file data_24.cif (mmCIF, C-alpha atoms)
data_final
#
loop_
_atom_site.label_atom_id
_atom_site.label_comp_id
_atom_site.auth_asym_id
_atom_site.auth_seq_id
_atom_site.Cartn_x
_atom_site.Cartn_y
_atom_site.Cartn_z
CA MET A 256 116.19 20.06 131.98
CA SER A 257 113.81 20.06 134.88
CA GLN A 258 110.16 20.50 134.05
CA LYS A 259 109.15 20.78 137.71
CA ALA A 260 107.47 24.07 138.55
CA GLY A 261 107.06 25.22 142.13
CA ARG A 262 106.26 22.68 144.82
CA GLN A 263 103.63 20.42 143.31
CA SER A 264 103.47 21.22 139.61
CA VAL A 265 105.07 20.22 136.34
CA LEU A 266 105.25 22.52 133.31
CA PHE A 267 105.89 20.28 130.32
CA ASP A 268 108.48 21.17 127.71
CA PRO A 269 107.48 20.17 125.11
CA PRO A 270 103.88 19.46 126.19
CA PRO A 271 102.53 16.02 125.23
CA TYR A 272 99.50 15.80 122.96
CA LEU A 273 96.08 14.62 124.04
CA THR A 274 95.77 13.24 120.57
CA SER A 275 92.59 11.22 120.85
CA ALA A 276 89.61 10.92 123.19
CA ALA A 277 86.48 8.78 123.28
CA THR A 278 83.49 8.46 125.59
CA VAL A 279 80.71 5.94 126.19
CA VAL A 280 77.73 6.68 128.47
CA GLY A 281 74.54 5.19 129.87
CA PRO A 282 70.92 6.21 129.32
CA MET A 283 70.63 9.09 131.79
CA GLU A 284 73.81 10.77 130.59
CA GLY A 285 72.64 10.38 126.99
CA ARG A 286 69.41 12.21 127.82
CA GLY A 287 71.31 15.00 129.59
CA PRO A 288 72.30 18.35 128.04
CA LEU A 289 75.65 17.00 126.76
CA GLY A 290 74.13 13.85 125.20
CA ASP A 291 75.23 14.73 121.66
CA ASP A 292 78.90 15.04 122.65
CA PHE A 293 79.38 11.39 123.58
CA ASP A 294 80.54 8.83 121.03
CA LEU A 295 78.28 6.03 122.15
CA VAL A 296 75.08 6.18 124.22
CA TYR A 297 73.55 3.02 125.65
CA ARG A 298 69.82 2.96 126.34
CA ASP A 299 70.07 0.17 128.90
CA LEU A 300 72.15 -0.07 132.11
CA TYR A 301 73.08 -3.73 131.47
CA ILE A 302 74.18 -3.11 127.84
CA ASN A 303 73.48 -6.79 127.09
CA GLN A 304 75.83 -8.06 129.80
CA LYS A 305 74.94 -10.35 132.69
CA SER A 306 75.89 -7.91 135.45
CA PHE A 307 76.38 -4.18 135.98
CA GLU A 308 80.09 -4.86 136.59
CA ALA A 309 80.40 -6.58 133.21
CA ALA A 310 78.54 -3.66 131.64
CA GLU A 311 81.07 -1.22 133.07
CA ARG A 312 83.95 -3.32 131.69
CA LYS A 313 82.32 -3.35 128.28
CA MET A 314 81.99 0.44 128.32
CA LEU A 315 85.64 0.91 129.32
CA GLN A 316 86.86 -1.46 126.61
CA GLU A 317 84.70 0.25 124.00
CA ALA A 318 85.96 3.70 125.00
CA CYS A 319 89.54 2.40 124.62
CA SER A 320 88.94 0.89 121.17
CA LEU A 321 87.13 4.03 120.00
CA ALA A 322 89.99 6.27 121.17
CA LEU A 323 92.46 4.16 119.18
CA GLU A 324 90.24 3.86 116.08
CA LYS A 325 89.57 7.58 115.83
CA ARG A 326 93.22 8.40 115.08
CA ASN A 327 94.03 5.06 113.55
CA ILE A 328 96.41 4.16 116.37
CA LYS A 329 97.31 0.49 116.65
CA LEU A 330 97.29 -1.36 119.94
CA ASN A 331 100.95 -2.25 119.37
CA ASP A 332 101.88 1.43 119.33
CA ILE A 333 100.67 1.89 122.91
CA ASP A 334 103.44 1.60 125.50
CA TYR A 335 101.34 1.73 128.66
CA PHE A 336 97.72 1.39 129.69
CA LEU A 337 96.79 3.53 132.70
CA ALA A 338 93.35 3.04 134.19
CA GLY A 339 91.34 3.18 137.37
CA ASP A 340 87.75 2.89 138.51
CA LEU A 341 85.69 2.87 141.70
CA LEU A 342 85.17 -0.82 142.35
CA ASN A 343 87.05 -2.90 144.91
CA GLN A 344 90.48 -3.93 143.60
CA ILE A 345 89.80 -1.72 140.52
CA THR A 346 88.55 -4.84 138.76
CA VAL A 347 87.03 -3.00 135.80
CA SER A 348 90.47 -1.69 134.87
CA GLY A 349 92.32 -4.92 135.65
CA TYR A 350 89.99 -7.11 133.58
CA SER A 351 90.10 -4.60 130.74
CA ALA A 352 93.89 -4.56 130.86
CA ALA A 353 93.84 -8.35 130.53
CA GLU A 354 91.62 -7.97 127.47
CA LEU A 355 93.88 -5.32 125.91
CA GLY A 356 97.13 -7.14 126.69
CA LEU A 357 99.10 -3.95 127.36
CA PRO A 358 101.61 -3.14 130.12
CA PHE A 359 99.35 -1.82 132.84
CA PHE A 360 99.57 0.69 135.66
CA GLY A 361 96.41 0.39 137.78
CA LEU A 362 95.46 3.65 139.46
CA TYR A 363 93.15 4.41 142.34
CA GLY A 364 92.16 8.02 142.81
CA ALA A 365 88.41 7.49 143.21
CA CYS A 366 86.68 10.19 141.14
CA SER A 367 89.97 12.02 140.58
CA THR A 368 91.18 9.17 138.36
CA LEU A 369 90.82 11.08 135.09
CA THR A 370 93.38 13.74 135.97
CA LEU A 371 95.50 11.21 137.87
CA ALA A 372 95.78 9.09 134.71
CA LEU A 373 96.33 12.11 132.45
CA SER A 374 99.06 13.39 134.80
CA TRP A 375 100.91 10.08 134.86
CA GLY A 376 100.46 9.61 131.12
CA ALA A 377 101.80 13.08 130.36
CA MET A 378 104.78 12.55 132.69
CA LEU A 379 105.61 9.19 131.08
CA VAL A 380 105.52 10.73 127.62
CA ALA A 381 107.30 13.97 128.55
CA GLY A 382 109.95 12.01 130.42
CA GLY A 383 110.70 9.98 127.32
CA PHE A 384 109.49 6.72 128.84
CA ALA A 385 106.70 6.27 126.31
CA GLN A 386 105.58 7.39 122.84
CA ASN A 387 101.90 6.69 123.35
CA VAL A 388 99.93 6.07 126.52
CA LEU A 389 96.31 4.94 126.72
CA ALA A 390 94.59 6.45 129.79
CA ALA A 391 91.08 5.46 130.78
CA THR A 392 88.54 5.53 133.58
CA SER A 393 84.95 4.44 134.19
CA SER A 394 82.10 4.26 136.66
CA HIS A 395 78.64 2.68 136.70
CA ASN A 396 75.83 4.06 138.81
CA CYS A 397 74.53 0.68 139.95
CA CYS A 398 77.96 -0.75 140.88
CA ALA A 399 79.15 2.36 142.70
CA GLU A 400 75.93 3.08 144.59
CA ARG A 401 75.81 -0.53 145.75
CA GLN A 402 79.45 -0.54 146.88
CA PHE A 403 79.61 2.88 148.53
CA ARG A 404 76.03 3.57 149.59
CA TYR A 405 72.87 1.51 149.04
CA PRO A 406 71.64 -0.68 146.17
CA THR A 407 68.46 0.42 144.40
CA GLU A 408 66.53 -2.50 145.93
CA TYR A 409 67.08 -0.99 149.37
CA GLY A 410 64.60 1.72 148.46
CA PHE A 411 66.81 4.36 150.02
CA GLN A 412 65.62 7.96 150.10
CA ARG A 413 68.28 10.27 148.69
CA PRO A 414 68.82 13.57 150.55
CA ARG A 415 69.27 16.76 148.52
CA GLN A 416 73.06 16.88 149.05
CA ALA A 417 73.50 13.40 147.53
CA GLN A 418 75.05 13.09 144.08
CA TRP A 419 74.33 10.67 141.25
CA THR A 420 77.16 8.40 140.05
CA VAL A 421 77.63 8.80 136.30
CA THR A 422 77.42 5.66 134.17
CA GLY A 423 80.09 5.88 131.51
CA ALA A 424 83.67 5.42 130.44
CA ALA A 425 86.27 7.70 128.93
CA ALA A 426 89.60 6.99 127.27
CA ALA A 427 92.35 9.16 125.84
CA VAL A 428 95.63 8.67 124.02
CA ILE A 429 98.54 10.82 125.17
CA SER A 430 101.32 11.03 122.61
CA ALA A 431 104.71 12.61 122.05
CA ALA A 432 103.58 13.58 118.55
CA GLY A 433 100.00 14.09 117.43
CA GLU A 434 97.11 16.51 117.48
CA SER A 435 96.21 19.28 119.94
CA PRO A 436 95.04 19.92 122.61
CA ARG A 437 98.22 19.48 124.60
CA ILE A 438 98.70 18.76 128.27
CA ALA A 439 100.60 21.91 129.24
CA ALA A 440 100.94 21.47 132.98
CA VAL A 441 99.79 19.34 135.89
CA THR A 442 99.52 19.91 139.62
CA THR A 443 99.42 16.87 141.89
CA GLY A 444 97.18 17.34 144.90
CA LYS A 445 97.75 16.58 148.55
CA VAL A 446 95.23 14.48 150.43
CA ILE A 447 93.17 16.72 152.68
CA ASP A 448 90.88 15.53 155.45
CA LEU A 449 88.97 18.17 157.39
CA GLY A 450 86.73 15.70 159.20
CA GLU A 451 83.62 15.41 157.00
CA LYS A 452 81.95 12.05 157.70
CA ASP A 453 78.81 12.10 155.55
CA ALA A 454 79.21 9.74 152.57
CA LEU A 455 76.16 11.40 151.05
CA ASN A 456 77.87 14.77 151.05
CA LEU A 457 81.11 14.02 149.22
CA GLY A 458 81.17 17.44 147.54
CA ALA A 459 81.78 19.05 150.92
CA ALA A 460 84.46 16.47 151.78
CA MET A 461 86.37 17.09 148.52
CA ALA A 462 86.06 20.87 148.20
CA PRO A 463 89.03 21.65 150.53
CA ALA A 464 91.27 19.35 148.46
CA ALA A 465 90.18 21.08 145.25
CA ALA A 466 90.89 24.48 146.82
CA SER A 467 94.34 23.34 147.99
CA THR A 468 95.30 22.02 144.54
CA LEU A 469 93.97 25.09 142.70
CA ILE A 470 95.78 27.54 144.99
CA ARG A 471 98.99 25.51 144.62
CA HIS A 472 98.55 25.49 140.84
CA PHE A 473 98.14 29.28 140.69
CA LEU A 474 101.15 29.83 142.98
CA ASP A 475 103.45 27.28 141.33
CA LEU A 476 102.81 28.57 137.82
CA GLN A 477 102.26 32.19 138.85
CA ARG A 478 98.88 32.28 137.17
CA ALA A 479 95.53 33.79 138.08
CA PRO A 480 92.17 32.06 137.50
CA ASP A 481 91.50 34.33 134.49
CA TYR A 482 94.45 32.74 132.64
CA TYR A 483 91.99 29.97 131.75
CA ASP A 484 88.93 30.17 129.51
CA LEU A 485 87.37 27.56 131.73
CA ILE A 486 88.20 25.90 135.03
CA VAL A 487 86.21 22.77 135.81
CA THR A 488 86.17 20.67 138.94
CA GLY A 489 85.27 16.98 138.68
CA ASP A 490 82.25 16.28 140.83
CA LEU A 491 81.86 18.75 143.68
CA GLY A 492 78.20 19.24 142.82
CA GLN A 493 76.06 22.12 143.99
CA ILE A 494 77.19 22.14 147.60
CA GLY A 495 80.89 21.39 147.08
CA SER A 496 81.36 23.93 144.31
CA GLY A 497 79.79 26.62 146.50
CA ILE A 498 82.24 25.74 149.28
CA LEU A 499 85.15 25.82 146.79
CA ARG A 500 84.26 29.33 145.60
CA LYS A 501 84.19 30.53 149.21
CA LEU A 502 87.50 28.85 150.12
CA LEU A 503 89.23 30.35 147.08
CA ALA A 504 87.74 33.79 147.64
CA ARG A 505 89.14 33.68 151.18
CA SER A 506 92.62 33.22 149.66
CA GLY A 507 92.04 36.04 147.18
CA TYR A 508 91.16 33.97 144.10
CA PHE A 509 87.83 34.81 142.54
CA MET A 510 86.34 32.37 140.06
CA GLU A 511 83.19 33.65 138.41
CA GLU A 512 81.97 32.94 134.86
CA ASN A 513 84.96 30.82 133.93
CA TYR A 514 84.29 28.21 136.63
CA ASN A 515 81.99 25.22 136.39
CA ASP A 516 81.70 21.72 137.82
CA CYS A 517 81.36 18.62 135.60
CA GLY A 518 78.77 17.27 138.06
CA LEU A 519 76.60 20.30 137.35
CA MET A 520 77.10 20.15 133.57
CA ILE A 521 76.24 16.54 132.77
CA TYR A 522 72.61 16.42 133.89
CA ASN A 523 69.63 18.73 133.63
CA PRO A 524 68.79 19.28 137.31
CA GLU A 525 65.26 20.45 136.51
CA LEU A 526 64.29 17.37 134.53
CA GLN A 527 66.57 14.69 135.99
CA GLN A 528 66.41 13.74 139.65
CA VAL A 529 70.09 13.93 140.52
CA GLU A 530 69.90 16.08 143.66
CA ALA A 531 73.26 17.93 143.99
CA GLY A 532 74.64 16.76 140.61
CA GLY A 533 76.72 13.99 139.04
CA SER A 534 79.74 12.18 140.50
CA GLY A 535 82.03 9.25 139.81
CA CYS A 536 85.16 8.66 137.73
CA ALA A 537 83.17 8.95 134.54
CA CYS A 538 81.71 12.33 135.55
CA SER A 539 84.78 14.42 134.75
CA GLY A 540 85.87 11.63 132.38
CA VAL A 541 83.07 12.00 129.87
CA VAL A 542 82.48 15.73 130.36
CA VAL A 543 86.14 16.58 129.72
CA LEU A 544 86.99 13.98 127.07
CA GLY A 545 83.56 14.21 125.40
CA HIS A 546 82.16 17.72 125.72
CA LEU A 547 85.18 19.93 126.52
CA TYR A 548 87.52 18.08 124.15
CA ARG A 549 85.08 18.84 121.33
CA ARG A 550 84.77 22.49 122.31
CA MET A 551 88.56 22.85 122.37
CA LYS A 552 88.83 21.22 118.94
CA ALA A 553 86.16 23.58 117.64
CA GLY A 554 88.18 26.56 118.86
CA GLU A 555 85.62 27.65 121.46
CA LEU A 556 88.02 27.09 124.34
CA ASN A 557 91.79 27.48 124.23
CA ARG A 558 92.90 26.99 127.81
CA VAL A 559 91.05 24.65 130.14
CA LEU A 560 92.05 23.63 133.64
CA VAL A 561 90.55 20.33 134.79
CA VAL A 562 90.55 19.54 138.50
CA SER A 563 89.05 16.09 139.10
CA THR A 564 88.18 15.47 142.72
CA GLY A 565 88.20 12.16 144.61
CA ALA A 566 87.07 10.94 148.02
CA LEU A 567 89.46 8.31 149.35
CA HIS A 568 87.24 6.60 151.93
CA SER A 569 85.72 3.15 151.98
CA PRO A 570 82.43 1.98 153.54
CA THR A 571 84.54 0.09 156.13
CA THR A 572 86.48 3.16 157.31
CA LEU A 573 83.27 5.17 157.51
CA GLY A 574 81.59 2.40 159.49
CA GLN A 575 84.50 2.58 161.91
CA GLY A 576 83.91 6.28 162.43
CA ASP A 577 86.75 7.68 160.30
CA SER A 578 86.26 10.79 158.19
CA ILE A 579 86.57 11.21 154.43
CA PRO A 580 89.95 12.28 152.97
CA GLY A 581 89.72 14.15 149.67
CA VAL A 582 92.21 14.63 146.84
CA ALA A 583 92.25 16.68 143.63
CA HIS A 584 94.67 16.70 140.71
CA ALA A 585 94.84 19.51 138.15
CA VAL A 586 95.60 19.13 134.44
CA ALA A 587 95.94 22.18 132.18
CA LEU A 588 94.88 21.58 128.56
CA GLU A 589 95.87 24.08 125.87
CA ILE A 590 95.29 24.22 122.14
CA MET B 14 35.41 5.46 161.03
CA GLY B 15 37.19 6.57 164.20
CA SER B 16 39.62 3.63 164.10
CA TYR B 17 40.64 4.51 160.54
CA LEU B 18 41.40 8.04 161.65
CA THR B 19 43.47 7.05 164.71
CA ALA B 20 45.37 4.45 162.64
CA PHE B 21 46.11 7.09 160.02
CA LEU B 22 47.21 9.71 162.53
CA VAL B 23 49.37 7.46 164.71
CA GLY B 24 50.93 5.64 161.75
CA GLY B 25 51.57 9.01 160.12
CA LEU B 26 53.18 10.29 163.30
CA PHE B 27 55.63 7.37 163.25
CA CYS B 28 56.52 8.18 159.66
CA LEU B 29 56.90 11.87 160.47
CA ILE B 30 59.34 11.08 163.28
CA GLY B 31 61.34 8.84 160.91
CA GLN B 32 61.41 11.48 158.18
CA LEU B 33 62.51 14.20 160.61
CA LEU B 34 65.29 11.96 161.96
CA PHE B 35 66.38 11.29 158.39
CA ASP B 36 66.32 14.94 157.31
CA LEU B 37 67.68 16.62 160.43
CA THR B 38 70.17 14.17 161.94
CA PRO B 39 73.26 12.42 160.54
CA PHE B 40 71.73 8.98 161.30
CA THR B 41 71.72 6.45 158.45
CA PRO B 42 68.58 4.49 157.48
CA GLY B 43 70.10 1.55 159.41
CA HIS B 44 70.40 3.63 162.58
CA ILE B 45 66.84 4.91 162.30
CA LEU B 46 65.42 1.44 161.58
CA SER B 47 67.11 -0.16 164.58
CA GLY B 48 66.23 2.89 166.71
CA PHE B 49 62.56 2.27 165.99
CA VAL B 50 62.89 -1.42 166.88
CA VAL B 51 64.61 -0.60 170.17
CA ALA B 52 62.07 2.12 171.01
CA GLY B 53 59.22 -0.33 170.28
CA GLY B 54 60.94 -2.90 172.50
CA ILE B 55 61.26 -0.47 175.40
CA LEU B 56 57.63 0.68 175.09
CA GLY B 57 56.60 -2.98 174.87
CA GLY B 58 58.57 -3.87 178.00
CA LEU B 59 56.83 -1.09 179.88
CA GLY B 60 53.49 -2.41 178.64
CA LEU B 61 52.71 0.76 176.72
CA TYR B 62 52.95 -0.49 173.16
CA ASP B 63 49.96 -2.82 173.43
CA LYS B 64 47.88 0.10 174.65
CA LEU B 65 48.99 2.04 171.60
CA ILE B 66 47.95 -0.85 169.34
CA GLN B 67 44.55 -1.00 171.07
CA PHE B 68 44.12 2.70 170.36
CA ALA B 69 45.53 2.96 166.85
CA GLY B 70 45.30 -0.61 165.44
CA ALA B 71 47.35 -0.98 162.25
CA GLY B 72 48.74 2.52 162.78
CA ALA B 73 50.88 1.08 165.57
CA SER B 74 51.16 -2.59 164.56
CA LEU B 75 52.50 -1.99 161.02
CA PRO B 76 55.53 0.26 161.72
CA ILE B 77 58.81 -1.53 162.48
CA SER B 78 58.57 -0.47 166.15
CA SER B 79 55.89 -3.16 166.46
CA PHE B 80 58.61 -5.71 165.66
CA GLY B 81 60.58 -4.57 168.72
CA ASN B 82 57.44 -4.84 170.80
CA ALA B 83 56.81 -8.40 169.56
CA LEU B 84 60.43 -9.41 170.31
CA VAL B 85 60.10 -8.24 173.91
CA LYS B 86 56.59 -9.60 174.42
CA GLY B 87 57.62 -13.06 173.19
CA ALA B 88 60.66 -13.05 175.47
CA ILE B 89 58.66 -11.94 178.53
CA SER B 90 55.89 -14.50 178.08
CA GLU B 91 58.34 -17.40 177.59
CA ALA B 92 60.44 -16.17 180.53
CA SER B 93 57.40 -16.23 182.81
CA ARG B 94 56.86 -19.88 181.85
CA HIS B 95 60.42 -21.24 181.56
CA GLY B 96 62.57 -18.78 183.49
CA VAL B 97 65.68 -17.08 182.16
CA ILE B 98 66.16 -19.50 179.24
CA GLY B 99 62.73 -18.41 178.01
CA ILE B 100 64.15 -14.97 177.17
CA LEU B 101 66.28 -16.67 174.53
CA THR B 102 63.68 -19.13 173.23
CA GLY B 103 60.83 -16.64 173.29
CA MET B 104 62.51 -13.79 171.41
CA PHE B 105 61.40 -15.09 168.00
CA GLU B 106 58.18 -16.72 169.23
CA LEU B 107 55.91 -14.00 167.88
CA THR B 108 58.20 -12.61 165.20
CA SER B 109 59.11 -15.83 163.39
CA THR B 110 56.22 -15.43 160.91
CA GLY B 111 57.47 -12.03 159.82
CA ILE B 112 61.10 -13.07 159.61
CA THR B 113 60.41 -16.28 157.70
CA ALA B 114 58.02 -14.49 155.33
CA ALA B 115 60.67 -11.86 154.61
CA ILE B 116 63.29 -14.50 153.80
CA ILE B 117 60.99 -16.61 151.61
CA PHE B 118 59.54 -13.69 149.65
CA ALA B 119 63.00 -12.16 149.17
CA PHE B 120 64.26 -15.51 147.89
CA LEU B 121 61.35 -15.91 145.47
CA THR B 122 61.72 -12.35 144.22
CA ALA B 123 65.46 -12.83 143.66
CA LEU B 124 64.71 -15.99 141.67
CA ILE B 125 62.35 -14.24 139.30
CA PHE B 126 63.60 -10.67 138.94
CA ASN B 127 66.78 -8.77 138.16
CA PRO B 128 67.31 -5.25 139.50
CA LYS B 129 66.54 -2.64 136.84
CA GLY B 130 68.80 0.00 138.30
#

call {"tool": "encode", "arguments": {"input": "data_24.cif", "output": "C-alpha cells"}}
result
Amino acid sequence: MSQKAGRQSVLFDPPPYLTSAATVVGPMEGRGPLGDDFDLVYRDLYINQKSFEAAERKMLQEACSLALEKRNIKLNDIDYFLAGDLLNQITVSGYSAAELGLPFFGLYGACSTLTLALSWGAMLVAGGFAQNVLAATSSHNCCAERQFRYPTEYGFQRPRQAQWTVTGAAAAVISAAGESPRIAAVTTGKVIDLGEKDALNLGAAMAPAAASTLIRHFLDLQRAPDYYDLIVTGDLGQIGSGILRKLLARSGYFMEENYNDCGLMIYNPELQQVEAGGSGCACSGVVVLGHLYRRMKAGELNRVLVVSTGALHSPTTLGQGDSIPGVAHAVALEI
Amino acid sequence: MGSYLTAFLVGGLFCLIGQLLFDLTPFTPGHILSGFVVAGGILGGLGLYDKLIQFAGAGASLPISSFGNALVKGAISEASRHGVIGILTGMFELTSTGITAAIIFAFLTALIFNPKG
C-alpha cells in the first residue's frame, strides 16, 4: 500500500516511533533559556579534546550513546546509522560511524540535516528495511564559523543579521515498535535559490525554501497551519522567520502563536550576543530532540511540525559569485 | 595639543568610512581592507598621502591605507634609481618591517596560545 501523499509527502501507515532522543550542548546553549532540557552541558568548547573538530565528534558520539542507553537499546539492534554535519566531507559523522561500527548513510543537508535524517530513518523503518535506525547530527560554533565565515582570531565584526552557530549534537532512535511520539508524515523539500548572496544573512536565503516546503506540506496532506500545536523552523532567525511569515501569508497561510523558530528559542537575545539568533545542524537538533521532545512527552504538545532549513552553498561557490540555494524538509511528530 | 586632535579626527574619519562601508554595502572585510590599501596607494602615487601624514601624523600613518602609500612610495623611489625593475624591487622596501613583524608575531602567538573560541 502506497504511503505517498500528494507530490512531495509521505503519510506513514503505521507511523514509526521516535522512541529515544538525546542531546549534548556547549556552554552558551547551556546558559540559554532551554539549558535544563539538554542531557549533557559542557562548560568548555574543547571538552578536553585537542581540537574543536574532535570536540564535535565527542559530542556526537555521546549523544548517540545516550540515546541508546535511555531506552536500553543495544548497538547490535541498530540496522542503520544516519548522520550529517556541516564540516567538509561530513567528517564528524564519518569518524563517528567508524567508532560505532554500524552500516552508515552519510547525509548532507547543511542545517536541514535533522529532518533529512528523521525522514530517511522513518522511511527505512516504515518501508520494512529496518527495525531500528539511529539518526544524528551535530555542529560546533568554532568549526562552522571558521569553515563558512571567519575564525574568531580574525576579529570579525558581526552584523545584526548574522546568526550564531549552535555548539551541540542530537541523536534519536527511530523504531518500528517503541514509545511515542511517532513520525506521522514527512515532506521532502525542493532546493530553492532566489539569488541571495550574503553568507551572513542565511535566514533570508532559506526562508523561500521553508515556505515552499510548508505550502507543499499543507496541500499534500490537506491540512491548515492550525492542525499543529506548534510549527518550528530550524534556523531562520529573526529576519528569515519574518520573511517566511510574509511569504506564507501571501499564499493564504497565516501562522501566528503556533509558529516559532528554533534559532529564536535556544538563546536569550537580550543577554546573549547572538544577533539574529542561532543556526547550525544542532540548532533544530537540540531544540527539537531536547526541548520539544520533552514537552511532547509531558503532554504539553501533541502535534508538532518541524521544518529544518539548510543553506547548500560553500565558501568557494560564494567566492565565485554564485548565490545561496536553500532547502527545507518537514517532519510531523504526533503523540 | 593640536596634533593630537588632528590625529584623532583624521584617524577617526578613516574608521568611520570603514564602518559605513561595512554597515551599508555588501563588501566583505577583505574587500574593505584591500580597498583601503588601494586607495592609500593611489593617494600616495599622487603625492597626497604624505601631506595627509604631515597634517594628521599617526591618524594617517596607522590606518591600513598607509600601507598602500608605503608600497607605492617604495616602488617609485626605487624606480627613479633603477628604472622599471625598481618597481618590483622597491615595492616591499618600506613595508618589509611591517610584513616581517606581522609574520614573526603571528608565529610566536600561535606557538604559545590556543584560540578560546

call {"tool": "resolve_selection", "arguments": {"input": "data_24.cif", "expression": "the PyMOL selection byres ((chain A and resi 424-439) around 7)", "output": "PyMOL selection string"}}
result
chain A and resi 266-267+270-280+314-315+318-319+322+376-377+380+386-394+423+440+537+540-541+544+586-590

call {"tool": "resolve_selection", "arguments": {"input": "data_24.cif", "expression": "the PyMOL selection byres ((chain B) within 8 of (chain A))", "output": "list in words"}}
result
Asp36, Pro39, Pro42, Pro128, Lys129 and Gly130 of chain B

call {"tool": "atom_distance", "arguments": {"input": "data_24.cif", "atom1": "atom CA of Gly103 of chain B", "atom2": "atom CA of Ala69 of chain B"}}
result
25.7 Å

call {"tool": "closest_residue", "arguments": {"input": "data_24.cif", "among": "A:Gly290, A:Gly349, A:Gly383, A:Gly339", "to": "Pro269 of chain A", "atoms": "only C-alpha atoms"}}
result
A:Gly383

call {"tool": "residues_around", "arguments": {"input": "data_24.cif", "residues": "His568 of chain A", "least_positions_apart": "2", "cutoff": "12 Å", "atoms": "all atoms listed in the file", "output": "VMD selection string"}}
result
chain A and resid 341 343 363 to 366 402 to 404 446 to 448 450 to 454 457 460 to 461 565 to 566 570 to 582

call {"tool": "residues_around", "arguments": {"input": "data_24.cif", "residues": "Ser506 of chain A", "least_positions_apart": "3", "cutoff": "10 Å", "atoms": "all atoms listed in the file", "output": "VMD selection string"}}
result
chain A and resid 466 470 501 to 503 509

call {"tool": "build_atoms", "arguments": {"input": "data_24.cif", "residues": "segment 376-381 of chain A", "atoms": "all heavy atoms", "output": "tab-separated table (two decimals), in the coordinates of the input"}}
result
chain	number	residue	atom	x	y	z
A	376	GLY	N	100.24	9.83	132.55
A	376	GLY	CA	100.46	9.61	131.12
A	376	GLY	C	101.35	10.70	130.54
A	376	GLY	O	102.32	10.43	129.82
A	377	ALA	N	101.03	11.96	130.89
A	377	ALA	CA	101.80	13.08	130.36
A	377	ALA	C	103.24	13.02	130.87
A	377	ALA	O	104.18	13.29	130.13
A	377	ALA	CB	101.13	14.39	130.76
A	378	MET	N	103.42	12.64	132.15
A	378	MET	CA	104.78	12.55	132.69
A	378	MET	C	105.57	11.44	132.01
A	378	MET	O	106.76	11.59	131.73
A	378	MET	CB	104.72	12.30	134.20
A	378	MET	CG	104.31	13.52	134.99
A	378	MET	SD	104.49	13.18	136.75
A	378	MET	CE	103.38	14.36	137.46
A	379	LEU	N	104.93	10.30	131.75
A	379	LEU	CA	105.61	9.19	131.08
A	379	LEU	C	106.08	9.61	129.69
A	379	LEU	O	107.21	9.33	129.28
A	379	LEU	CB	104.67	7.98	130.97
A	379	LEU	CG	104.46	7.16	132.23
A	379	LEU	CD1	103.35	6.13	132.02
A	379	LEU	CD2	105.74	6.44	132.63
A	380	VAL	N	105.18	10.32	128.99
A	380	VAL	CA	105.52	10.73	127.62
A	380	VAL	C	106.57	11.84	127.65
A	380	VAL	O	107.58	11.76	126.94
A	380	VAL	CB	104.24	11.19	126.87
A	380	VAL	CG1	104.60	11.85	125.55
A	380	VAL	CG2	103.33	9.99	126.63
A	381	ALA	N	106.36	12.85	128.50
A	381	ALA	CA	107.30	13.97	128.55
A	381	ALA	C	108.66	13.53	129.07
A	381	ALA	O	109.69	14.11	128.72
A	381	ALA	CB	106.74	15.09	129.43
